file entry06.cif (mmCIF, C-alpha atoms)
data_final
#
loop_
_atom_site.label_atom_id
_atom_site.label_comp_id
_atom_site.auth_asym_id
_atom_site.auth_seq_id
_atom_site.Cartn_x
_atom_site.Cartn_y
_atom_site.Cartn_z
CA MET A 30 -86.72 91.63 48.74
CA ALA A 31 -88.16 94.42 46.59
CA ILE A 32 -88.15 97.90 48.08
CA ASP A 33 -91.17 100.07 48.67
CA PRO A 34 -90.03 103.24 46.86
CA SER A 35 -91.92 105.76 48.96
CA LEU A 36 -91.32 108.77 51.16
CA ALA A 37 -92.02 106.58 54.20
CA TRP A 38 -89.32 104.10 53.11
CA LEU A 39 -86.88 106.92 52.44
CA LEU A 40 -87.34 108.55 55.87
CA GLN A 41 -87.85 105.61 58.21
CA PRO A 42 -87.64 105.34 61.16
CA LEU A 43 -88.79 108.96 60.98
CA THR A 44 -92.50 108.98 60.13
CA VAL A 45 -93.88 111.02 57.26
CA GLU A 46 -96.30 112.75 59.66
CA MET A 47 -93.48 113.87 61.97
CA PHE A 48 -91.42 114.97 58.99
CA LEU A 49 -94.23 117.14 57.62
CA ASP A 50 -95.41 118.48 60.99
CA GLU A 51 -92.08 119.26 62.66
CA ILE A 52 -89.24 119.25 60.12
CA TRP A 53 -90.46 120.21 56.64
CA ALA A 54 -89.40 123.77 55.73
CA ALA A 55 -88.27 124.34 59.35
CA THR A 56 -84.96 122.59 59.96
CA HIS A 57 -82.48 120.10 58.54
CA TYR A 58 -82.61 116.46 59.64
CA HIS A 59 -80.09 113.61 59.50
CA VAL A 60 -81.41 110.02 59.33
CA LYS A 61 -78.60 107.77 60.59
CA ARG A 62 -79.15 104.19 59.55
CA GLN A 63 -75.95 102.15 59.90
CA SER A 64 -77.29 100.08 57.00
CA ALA A 65 -74.83 99.99 54.12
CA CYS A 66 -77.18 97.97 51.91
CA TYR A 67 -80.30 100.11 52.41
CA PHE A 68 -80.21 101.65 48.93
CA ASP A 69 -78.92 98.58 47.06
CA ASP A 70 -82.24 97.95 45.30
CA LEU A 71 -82.37 101.61 44.29
CA LEU A 72 -78.80 101.90 43.01
CA PRO A 73 -76.19 99.33 44.11
CA GLY A 74 -73.18 101.18 45.53
CA ASP A 75 -70.56 98.87 44.04
CA GLU A 76 -71.95 99.41 40.54
CA ALA A 77 -73.18 102.99 40.89
CA VAL A 78 -70.48 104.89 38.98
CA ASP A 79 -70.19 102.60 35.94
CA ASP A 80 -73.93 102.06 35.74
CA LEU A 81 -74.74 105.77 35.88
CA LEU A 82 -72.14 106.80 33.32
CA GLN A 83 -73.31 104.15 30.88
CA ARG A 84 -76.91 105.33 31.22
CA PHE A 85 -75.87 108.90 30.39
CA ARG A 86 -73.56 107.90 27.53
CA ARG A 87 -75.97 109.27 24.87
CA ASP A 88 -76.86 112.50 26.66
CA ALA A 89 -73.81 114.60 27.39
CA SER A 90 -75.99 117.68 27.89
CA ALA A 91 -77.24 116.20 31.19
CA VAL A 92 -73.68 115.93 32.58
CA ARG A 93 -71.66 118.60 34.39
CA LEU A 94 -68.21 118.63 35.98
CA MET A 95 -67.51 120.79 39.03
CA ARG A 96 -64.49 121.52 41.20
CA GLY A 97 -65.12 124.42 43.53
CA LYS A 98 -65.82 127.48 41.38
CA ASP A 99 -64.49 125.74 38.27
CA ARG A 100 -67.18 124.21 36.02
CA LYS A 101 -66.98 122.34 32.73
CA GLY A 102 -69.85 122.08 30.29
CA ALA A 103 -70.70 119.28 27.89
CA GLU A 104 -68.67 120.83 25.06
CA SER A 105 -65.46 119.76 26.82
CA PHE A 106 -66.30 116.04 26.96
CA ARG A 107 -68.75 115.49 24.10
CA LEU A 108 -67.98 113.07 21.28
CA ALA A 109 -68.54 113.95 17.63
CA ASP A 110 -71.86 112.09 17.68
CA GLY A 111 -73.04 114.11 20.68
CA GLY A 112 -72.48 111.30 23.18
CA LEU A 113 -70.43 111.26 26.35
CA ASP A 114 -66.65 110.72 26.20
CA ILE A 115 -66.37 108.57 29.31
CA ASP A 116 -62.56 108.44 29.13
CA LEU A 117 -62.33 112.24 29.31
CA ILE A 118 -64.88 112.26 32.14
CA ARG A 119 -62.77 109.79 34.11
CA ASN A 120 -59.60 111.84 33.52
CA ASP A 121 -61.30 114.95 34.91
CA PHE A 122 -62.62 112.89 37.81
CA ASP A 123 -59.05 111.83 38.61
CA ASP A 124 -58.14 115.55 38.59
CA GLY A 125 -60.65 116.23 41.36
CA TYR A 126 -63.81 117.10 39.45
CA THR A 127 -67.20 115.99 40.75
CA ILE A 128 -69.43 114.40 38.10
CA VAL A 129 -72.99 115.71 38.22
CA LEU A 130 -75.73 113.81 36.36
CA ASP A 131 -79.09 115.55 36.00
CA GLY A 132 -82.42 113.74 35.85
CA VAL A 133 -81.48 110.27 37.06
CA GLU A 134 -85.18 109.47 37.46
CA ARG A 135 -85.50 109.49 33.66
CA ARG A 136 -83.03 106.60 33.35
CA LEU A 137 -83.43 104.32 36.36
CA PRO A 138 -86.88 102.75 36.94
CA ALA A 139 -86.41 102.31 40.71
CA VAL A 140 -85.36 105.95 41.11
CA ALA A 141 -88.29 107.01 38.92
CA SER A 142 -90.69 105.11 41.18
CA LEU A 143 -89.28 106.84 44.24
CA ALA A 144 -89.50 110.28 42.62
CA ARG A 145 -93.08 109.75 41.41
CA SER A 146 -94.11 108.35 44.80
CA ILE A 147 -92.88 111.51 46.53
CA GLU A 148 -94.72 113.62 43.94
CA VAL A 149 -97.99 111.79 44.65
CA GLU A 150 -97.45 112.02 48.42
CA LEU A 151 -96.62 115.74 48.54
CA SER A 152 -98.13 117.08 45.27
CA PHE A 153 -94.73 118.61 44.44
CA PRO A 154 -92.64 117.93 41.30
CA THR A 155 -89.28 116.26 41.95
CA GLN A 156 -85.98 115.76 40.14
CA VAL A 157 -83.15 113.42 41.11
CA ASN A 158 -79.50 114.25 40.39
CA ALA A 159 -76.38 112.18 41.09
CA TYR A 160 -73.08 113.53 42.44
CA ILE A 161 -69.95 111.40 42.03
CA THR A 162 -67.04 112.96 43.95
CA PRO A 163 -63.42 111.70 44.01
CA PRO A 164 -61.45 111.32 47.27
CA GLY A 165 -60.36 114.50 49.02
CA SER A 166 -62.46 116.76 46.83
CA GLN A 167 -65.26 119.30 46.96
CA GLY A 168 -67.65 119.78 44.07
CA LEU A 169 -69.34 123.03 45.08
CA VAL A 170 -68.43 126.06 47.18
CA PRO A 171 -70.88 127.17 49.92
CA HIS A 172 -74.28 127.75 48.33
CA TYR A 173 -78.00 127.28 48.81
CA ASP A 174 -80.82 125.84 46.71
CA ASP A 175 -84.16 127.46 45.91
CA HIS A 176 -85.94 124.15 46.59
CA ASP A 177 -85.92 121.53 49.35
CA VAL A 178 -83.45 118.66 48.99
CA VAL A 179 -83.24 115.12 50.33
CA VAL A 180 -79.74 113.60 50.08
CA LEU A 181 -79.27 109.82 49.78
CA GLN A 182 -75.76 108.51 50.45
CA ILE A 183 -75.20 105.64 48.00
CA GLN A 184 -71.47 104.92 48.18
CA GLY A 185 -68.64 106.07 50.44
CA SER A 186 -69.17 108.93 52.86
CA LYS A 187 -69.28 112.70 52.75
CA ILE A 188 -68.84 115.52 55.26
CA TRP A 189 -71.59 118.14 55.07
CA HIS A 190 -71.17 121.64 56.51
CA LEU A 191 -74.43 123.49 57.23
CA TYR A 192 -74.47 127.18 58.11
CA ASP A 193 -77.05 128.84 60.33
CA THR A 194 -77.74 131.86 58.16
CA ASP A 195 -81.02 133.07 56.72
CA VAL A 196 -81.45 133.67 53.00
CA PRO A 197 -84.48 135.94 52.41
CA ALA A 198 -87.20 134.30 50.36
CA HIS A 199 -87.04 136.98 47.67
CA GLU A 200 -83.36 136.14 47.03
CA LEU A 201 -83.93 132.43 46.41
CA ARG A 202 -84.67 132.88 42.70
CA ARG A 203 -81.50 134.77 41.81
CA ASP A 204 -79.03 133.11 39.44
CA ASN A 205 -75.95 133.18 41.68
CA LYS A 206 -76.64 131.09 44.78
CA THR A 207 -73.07 130.96 46.09
CA VAL A 208 -72.23 132.58 49.41
CA ALA A 209 -68.92 134.20 50.36
CA VAL A 210 -67.06 132.21 53.02
CA ALA A 211 -66.22 135.40 54.93
CA ASP A 212 -69.94 136.03 55.47
CA LEU A 213 -70.62 132.65 57.05
CA PRO A 214 -70.92 131.73 60.75
CA PRO A 215 -69.37 128.53 62.14
CA SER A 216 -70.87 125.41 60.58
CA ALA A 217 -72.69 122.39 61.95
CA ASP A 218 -70.99 119.32 60.48
CA PHE A 219 -72.52 115.95 59.54
CA CYS A 220 -70.92 112.83 58.15
CA LEU A 221 -73.26 110.93 55.83
CA GLU A 222 -72.48 107.23 55.69
CA VAL A 223 -73.86 104.75 53.16
CA GLY A 224 -77.61 104.38 53.72
CA ASP A 225 -77.99 107.74 55.47
CA VAL A 226 -80.38 110.52 54.46
CA LEU A 227 -80.11 114.26 54.99
CA TYR A 228 -82.97 116.72 54.53
CA LEU A 229 -82.20 120.37 53.74
CA PRO A 230 -84.92 123.03 53.58
CA ARG A 231 -84.67 125.53 50.72
CA GLY A 232 -82.26 128.35 51.45
CA THR A 233 -80.00 126.25 53.72
CA VAL A 234 -76.40 127.31 53.04
CA HIS A 235 -74.22 124.22 52.74
CA GLU A 236 -71.14 122.60 51.23
CA ALA A 237 -69.83 119.03 51.21
CA GLU A 238 -66.47 117.30 50.81
CA THR A 239 -65.08 113.80 50.69
CA ASN A 240 -62.29 112.40 52.83
CA SER A 241 -59.86 109.68 51.78
CA ALA A 242 -62.56 107.76 49.87
CA GLY A 243 -64.83 108.76 47.01
CA SER A 244 -68.56 109.33 47.31
CA VAL A 245 -71.76 108.82 45.33
CA HIS A 246 -74.96 110.47 46.49
CA LEU A 247 -78.35 111.26 45.00
CA THR A 248 -80.29 114.46 45.64
CA VAL A 249 -84.06 114.44 45.43
CA GLY A 250 -84.97 118.02 44.62
CA ILE A 251 -88.50 118.76 45.86
CA HIS A 252 -89.83 121.78 43.96
CA ALA A 253 -92.73 123.08 46.02
CA PRO A 254 -94.79 125.62 44.03
CA THR A 255 -95.02 129.10 45.53
CA VAL A 256 -97.90 131.54 45.84
CA LEU A 257 -96.44 133.20 42.74
CA THR A 258 -96.84 129.90 40.85
CA LEU A 259 -100.42 129.60 42.07
CA ALA A 260 -101.21 133.19 41.05
CA ILE A 261 -99.79 132.68 37.56
CA GLY A 262 -101.88 129.55 37.13
CA ALA A 263 -104.98 131.34 38.43
CA LEU A 264 -104.52 134.29 36.06
CA HIS A 265 -103.94 131.95 33.13
CA SER A 266 -107.12 130.05 33.95
CA LEU A 267 -109.14 133.27 34.27
CA SER A 268 -107.79 134.57 30.95
CA PHE A 269 -110.05 132.14 29.09
CA ARG A 270 -113.16 134.02 30.25
CA ASP A 271 -111.99 137.44 31.47
CA ASP A 272 -111.02 139.79 28.64
CA ARG A 273 -109.15 142.11 31.01
CA LEU A 274 -106.32 139.60 31.08
CA SER A 275 -106.05 139.47 27.29
CA VAL A 276 -105.75 143.22 26.64
CA ARG A 277 -102.61 143.82 24.60
CA LEU A 278 -99.91 146.15 25.88
CA PRO A 279 -99.78 149.46 23.98
CA PRO A 280 -97.20 150.08 21.23
CA ARG A 281 -93.83 151.44 22.44
CA HIS A 282 -94.73 150.58 26.02
CA LEU A 283 -91.06 150.12 26.88
CA ASP A 284 -90.10 153.66 25.88
CA ASP A 285 -93.24 155.83 25.90
CA PRO A 286 -94.00 157.42 29.34
CA ASN A 287 -97.66 157.87 28.40
CA ALA A 288 -97.94 154.23 27.45
CA GLN A 289 -96.27 153.22 30.68
CA GLU A 290 -98.83 155.16 32.67
CA ALA A 291 -101.56 153.06 31.07
CA LEU A 292 -99.77 149.88 32.14
CA GLY A 293 -100.61 150.57 35.79
CA ILE A 294 -104.30 150.55 34.94
CA LEU A 295 -103.94 147.29 33.01
CA LEU A 296 -102.05 145.66 35.86
CA ARG A 297 -104.61 146.73 38.47
CA ASP A 298 -107.36 145.29 36.31
CA ALA A 299 -105.44 142.03 36.05
CA ALA A 300 -104.97 141.85 39.82
CA ALA A 301 -108.67 142.57 40.33
CA ALA A 302 -109.48 139.46 38.30
CA LEU A 303 -108.01 137.35 41.12
CA GLU A 304 -110.95 138.36 43.29
CA ASP A 305 -113.06 135.98 41.20
CA SER A 306 -114.26 133.19 43.49
CA SER A 307 -112.99 130.58 41.01
CA ALA A 308 -109.45 131.97 40.81
CA THR A 309 -107.95 129.66 43.43
CA ALA A 310 -109.58 126.59 41.91
CA GLY A 311 -108.20 127.55 38.50
CA GLY A 312 -104.69 127.95 39.93
CA LEU A 313 -104.84 124.60 41.69
CA ASP A 314 -106.11 123.01 38.51
CA ALA A 315 -103.05 124.34 36.69
CA LEU A 316 -100.76 122.80 39.34
CA ALA A 317 -102.62 119.50 39.02
CA ASP A 318 -102.04 119.59 35.26
CA VAL A 319 -98.29 119.56 35.93
CA LEU A 320 -98.50 116.43 38.10
CA VAL A 321 -100.78 114.64 35.65
CA ARG A 322 -98.32 115.20 32.81
CA ARG A 323 -95.43 113.95 34.93
CA GLY A 324 -97.17 110.68 35.85
CA GLN A 325 -96.03 107.37 34.41
CA CYS A 326 -97.91 104.12 33.77
CA PRO A 327 -96.65 100.83 32.37
CA PRO A 328 -96.75 100.73 28.57
CA ILE A 329 -100.21 100.22 27.09
CA GLY A 330 -100.70 96.46 27.10
CA PRO A 331 -102.44 94.08 24.73
CA VAL A 332 -106.16 93.50 25.06
CA ALA A 333 -105.27 89.96 26.17
CA ASN A 334 -104.29 91.40 29.57
CA ALA A 335 -107.95 92.16 30.22
CA ARG A 336 -109.47 88.94 28.91
CA GLY A 337 -111.37 86.75 31.29
CA ILE A 338 -112.04 89.43 33.89
CA ASP A 339 -115.35 89.45 35.76
CA GLU A 340 -116.89 91.09 38.81
CA GLN A 341 -114.70 89.00 41.14
CA THR A 342 -111.41 89.95 39.48
CA LEU A 343 -109.01 91.60 41.92
CA VAL A 344 -107.23 94.73 40.69
CA ARG A 345 -105.28 97.67 42.06
CA LYS A 346 -104.31 101.10 40.85
CA HIS A 347 -100.80 101.30 39.43
CA GLN A 348 -98.48 102.90 41.99
CA PRO A 349 -97.13 105.49 42.19
CA LEU A 350 -99.48 107.48 39.98
CA TYR A 351 -101.16 110.86 40.33
CA SER A 352 -104.66 111.01 38.82
CA ARG A 353 -107.71 113.23 38.98
CA VAL A 354 -111.32 113.36 37.82
CA LYS A 355 -112.62 116.32 35.81
CA THR A 356 -116.01 117.23 34.44
CA ALA A 357 -115.99 116.86 30.67
CA THR A 358 -118.31 118.31 28.04
CA ASP A 359 -120.62 115.31 27.99
CA GLY A 360 -119.58 113.41 31.13
CA VAL A 361 -116.52 112.88 33.29
CA ALA A 362 -112.85 112.21 32.55
CA LEU A 363 -110.17 110.33 34.48
CA GLU A 364 -106.79 111.92 33.75
CA PHE A 365 -103.44 110.25 34.47
CA ALA A 366 -99.97 110.02 32.89
CA SER A 367 -100.95 112.29 29.98
CA LEU A 368 -103.88 109.96 29.19
CA THR A 369 -107.62 110.58 29.50
CA ILE A 370 -110.43 108.05 29.93
CA ASN A 371 -113.82 109.62 29.15
CA ALA A 372 -117.12 108.24 30.39
CA CYS A 373 -120.79 109.15 30.83
CA PRO A 374 -121.89 111.26 33.83
CA ASP A 375 -123.12 108.15 35.72
CA HIS A 376 -119.46 107.04 35.99
CA GLN A 377 -118.44 109.91 38.27
CA ALA A 378 -118.62 107.97 41.55
CA ALA A 379 -116.63 105.09 40.04
CA MET A 380 -114.02 107.45 38.60
CA LEU A 381 -113.57 109.19 41.96
CA PHE A 382 -113.25 105.80 43.67
CA LEU A 383 -110.56 104.77 41.18
CA SER A 384 -108.61 108.00 41.47
CA ARG A 385 -108.53 107.84 45.27
CA SER A 386 -107.91 104.09 45.63
CA THR A 387 -104.72 102.87 47.25
CA ALA A 388 -105.54 99.23 48.08
CA PRO A 389 -106.58 96.27 45.89
CA PHE A 390 -110.30 95.93 45.23
CA ARG A 391 -112.66 93.75 43.22
CA ILE A 392 -114.26 95.06 40.06
CA ARG A 393 -117.68 94.61 41.69
CA ASP A 394 -116.66 97.34 44.20
CA LEU A 395 -116.81 100.11 41.58
CA PRO A 396 -119.74 102.21 42.82
CA GLY A 397 -122.73 103.44 40.83
CA LEU A 398 -122.32 101.11 37.85
CA ARG A 399 -124.06 98.02 36.53
CA PRO A 400 -121.90 94.85 36.34
CA GLU A 401 -121.37 95.15 32.58
CA GLN A 402 -120.29 98.79 33.01
CA GLN A 403 -117.88 97.84 35.80
CA ILE A 404 -116.22 95.21 33.60
CA GLU A 405 -116.02 97.48 30.56
CA LEU A 406 -114.43 100.31 32.55
CA ALA A 407 -111.98 97.98 34.29
CA ARG A 408 -110.98 96.41 30.95
CA SER A 409 -110.08 99.79 29.41
CA LEU A 410 -108.10 100.79 32.49
CA ILE A 411 -106.15 97.52 32.58
CA VAL A 412 -105.16 97.91 28.93
CA SER A 413 -104.14 101.57 29.50
CA GLY A 414 -101.98 100.63 32.51
CA PHE A 415 -104.01 102.45 35.16
CA LEU A 416 -105.19 99.20 36.74
CA VAL A 417 -103.04 96.12 37.39
CA ARG A 418 -104.52 92.65 37.91
CA VAL A 419 -103.81 91.06 41.28
CA PHE A 420 -103.99 87.27 41.36
CA ASP A 421 -105.34 85.53 44.45
CA ASP A 422 -103.06 83.00 46.14
#
call {"tool": "encode", "arguments": {"input": "entry06.cif", "output": "structure tokens"}}
result
Amino acid sequence: MAIDPSLAWLLQPLTVEMFLDEIWAATHYHVKRQSACYFDDLLPGDEAVDDLLQRFRRDASAVRLMRGKDRKGAESFRLADGGLDIDLIRNDFDDGYTIVLDGVERRLPAVASLARSIEVELSFPTQVNAYITPPGSQGLVPHYDDHDVVVLQIQGSKIWHLYDTDVPAHELRRDNKTVAVADLPPSADFCLEVGDVLYLPRGTVHEAETNSAGSVHLTVGIHAPTVLTLAIGALHSLSFRDDRLSVRLPPRHLDDPNAQEALGILLRDAAAALEDSSATAGGLDALADVLVRRGQCPPIGPVANARGIDEQTLVRKHQPLYSRVKTATDGVALEFASLTINACPDHQAAMLFLSRSTAPFRIRDLPGLRPEQQIELARSLIVSGFLVRVFDD
């Protein structure tokens, strides 16, 4: 049975609503499943290590080895052709090093679907890493992350130690995120078994270790933008029409006290630009650009995929996929997966319907268009991968 790679599937029996209302950014949460096969369609536990290493064979730069404070970079296990020396990796693994693989969602379609589904659900970019830890080992010393994390236990088990200590928000972006053991209070301990999930809010100090068996787990890093991110996007958007944001800094501004005095005036002018009523919309638009570029559709298909369609043809939006509708110079544009479908202004209602759709619908349901326009729009979206044909039983 195929999985539904969604946030709801990942968290059940915990509901998404309860997660967002009561747990998100507030406290950790352990989903105990007692279901060793729960993640088999995502990444089969018995094949996880070999499968992952083979998929990273040509990209040693995405691989790290860690054992406590000791870290090894790609230069220590890279072949002459730039690929991964799997034999050396396995030797270091036998010596107690945890294998860390960055960006698993770029190599496994099922993991990619899960990551993109969470992005669409939360409007936050995600990245999935894999941690392969040998028996009786610990990959990282106590530390925290500057983003929220969901841990998926794929193979074996792992003991997690969580510390009730607050990391101020302004410290989350520093380079060194390790925490001295002497500064830590007693820990709350959790054993993640295969099929379990653990949610950690950003700033949660933690460490993990294996027992007599090895472990494979995935971490879904959820990178929620901050107000700083929104402000940067807003200022960038305003810079296209507000010259105050494009004033060049004076020569020798790093060393000249007089020049530095003028910087305060420039900065106050820049901050004043944020009072523009459109600033927030511009910042949100910049965040939406990020999600649009991260979206993925099936490869563009042959025109034959759209032959024979009519008003009764049943279709659905490809899932998961973030999309949006923007006003274009001479009409409207549907943006998704780095692609843009342009249309006349009378297509706006249909475009909005398409962007917001989650269930199958018939082409005749596209609002505001004549039948021939409905078919033409649906045909272009089927070929581009945005729409998928659904065949009646």
call {"tool": "atom_distance", "arguments": {"input": "entry06.cif", "atom1": "CA of Arg100 (chain A)", "atom2": "CA of Val129 (chain A)"}}
result
10.5 Å
call {"tool": "resolve_selection", "arguments": {"input": "entry06.cif", "expression": "the PyMOL selection byres ((chain A and resi 83-87) around 7)", "output": "mmCIF file with C-alpha atoms, in the coordinates of the input"}}
result
data_model
loop_
_atom_site.group_PDB
_atom_site.id
_atom_site.type_symbol
_atom_site.label_atom_id
_atom_site.label_comp_id
_atom_site.auth_asym_id
_atom_site.auth_seq_id
_atom_site.Cartn_x
_atom_site.Cartn_y
_atom_site.Cartn_z
ATOM 1 C CA ASP A 79 -70.190 102.600 35.940
ATOM 2 C CA ASP A 80 -73.930 102.060 35.740
ATOM 3 C CA LEU A 81 -74.740 105.770 35.880
ATOM 4 C CA LEU A 82 -72.140 106.800 33.320
ATOM 5 C CA ASP A 88 -76.860 112.500 26.660
ATOM 6 C CA ALA A 89 -73.810 114.600 27.390
ATOM 7 C CA GLY A 112 -72.480 111.300 23.180
ATOM 8 C CA LEU A 113 -70.430 111.260 26.350
ATOM 9 C CA ARG A 136 -83.030 106.600 33.350
#
call {"tool": "resolve_selection", "arguments": {"input": "entry06.cif", "expression": "the PyMOL selection byres ((chain A and resi 366) around 7)", "output": "VMD selection string"}}
result
chain A and resid 321 to 326 365 367 to 368
call {"tool": "resolve_selection", "arguments": {"input": "entry06.cif", "expression": "the PyMOL selection byres ((chain A and resi 206) around 9)", "output": "PDB file with C-alpha atoms, keeping the file's coordinate frame"}}
result
ATOM      1  CA  PRO A 171     -70.880 127.170  49.920  1.00  0.00           C
ATOM      2  CA  HIS A 172     -74.280 127.750  48.330  1.00  0.00           C
ATOM      3  CA  TYR A 173     -78.000 127.280  48.810  1.00  0.00           C
ATOM      4  CA  ASP A 174     -80.820 125.840  46.710  1.00  0.00           C
ATOM      5  CA  ASP A 175     -84.160 127.460  45.910  1.00  0.00           C
ATOM      6  CA  GLU A 200     -83.360 136.140  47.030  1.00  0.00           C
ATOM      7  CA  LEU A 201     -83.930 132.430  46.410  1.00  0.00           C
ATOM      8  CA  ARG A 202     -84.670 132.880  42.700  1.00  0.00           C
ATOM      9  CA  ARG A 203     -81.500 134.770  41.810  1.00  0.00           C
ATOM     10  CA  ASP A 204     -79.030 133.110  39.440  1.00  0.00           C
ATOM     11  CA  ASN A 205     -75.950 133.180  41.680  1.00  0.00           C
ATOM     12  CA  THR A 207     -73.070 130.960  46.090  1.00  0.00           C
ATOM     13  CA  VAL A 208     -72.230 132.580  49.410  1.00  0.00           C
TER      14      VAL A 208
END
call {"tool": "closest_atom_pairs", "arguments": {"input": "entry06.cif", "of": "region 120-207 of chain A", "to": "region 252-261 of chain A", "cutoff": "8 Å", "atoms": "all atoms listed in the file", "output": "tab-separated table"}}
result
residue	atom	partner	partner_atom	distance
A:Phe153	CA	A:Ala253	CA	5.1
A:Pro154	CA	A:His252	CA	5.5
A:Thr155	CA	A:His252	CA	5.9
A:His176	CA	A:His252	CA	5.3
A:Asp177	CA	A:His252	CA	6.7
call {"tool": "closest_residue", "arguments": {"input": "entry06.cif", "among": "A:Ile147, A:Leu229, A:Leu130, A:Ala217", "to": "Thr56 (chain A)", "atoms": "all atoms listed in the file"}}
result
A:Leu229
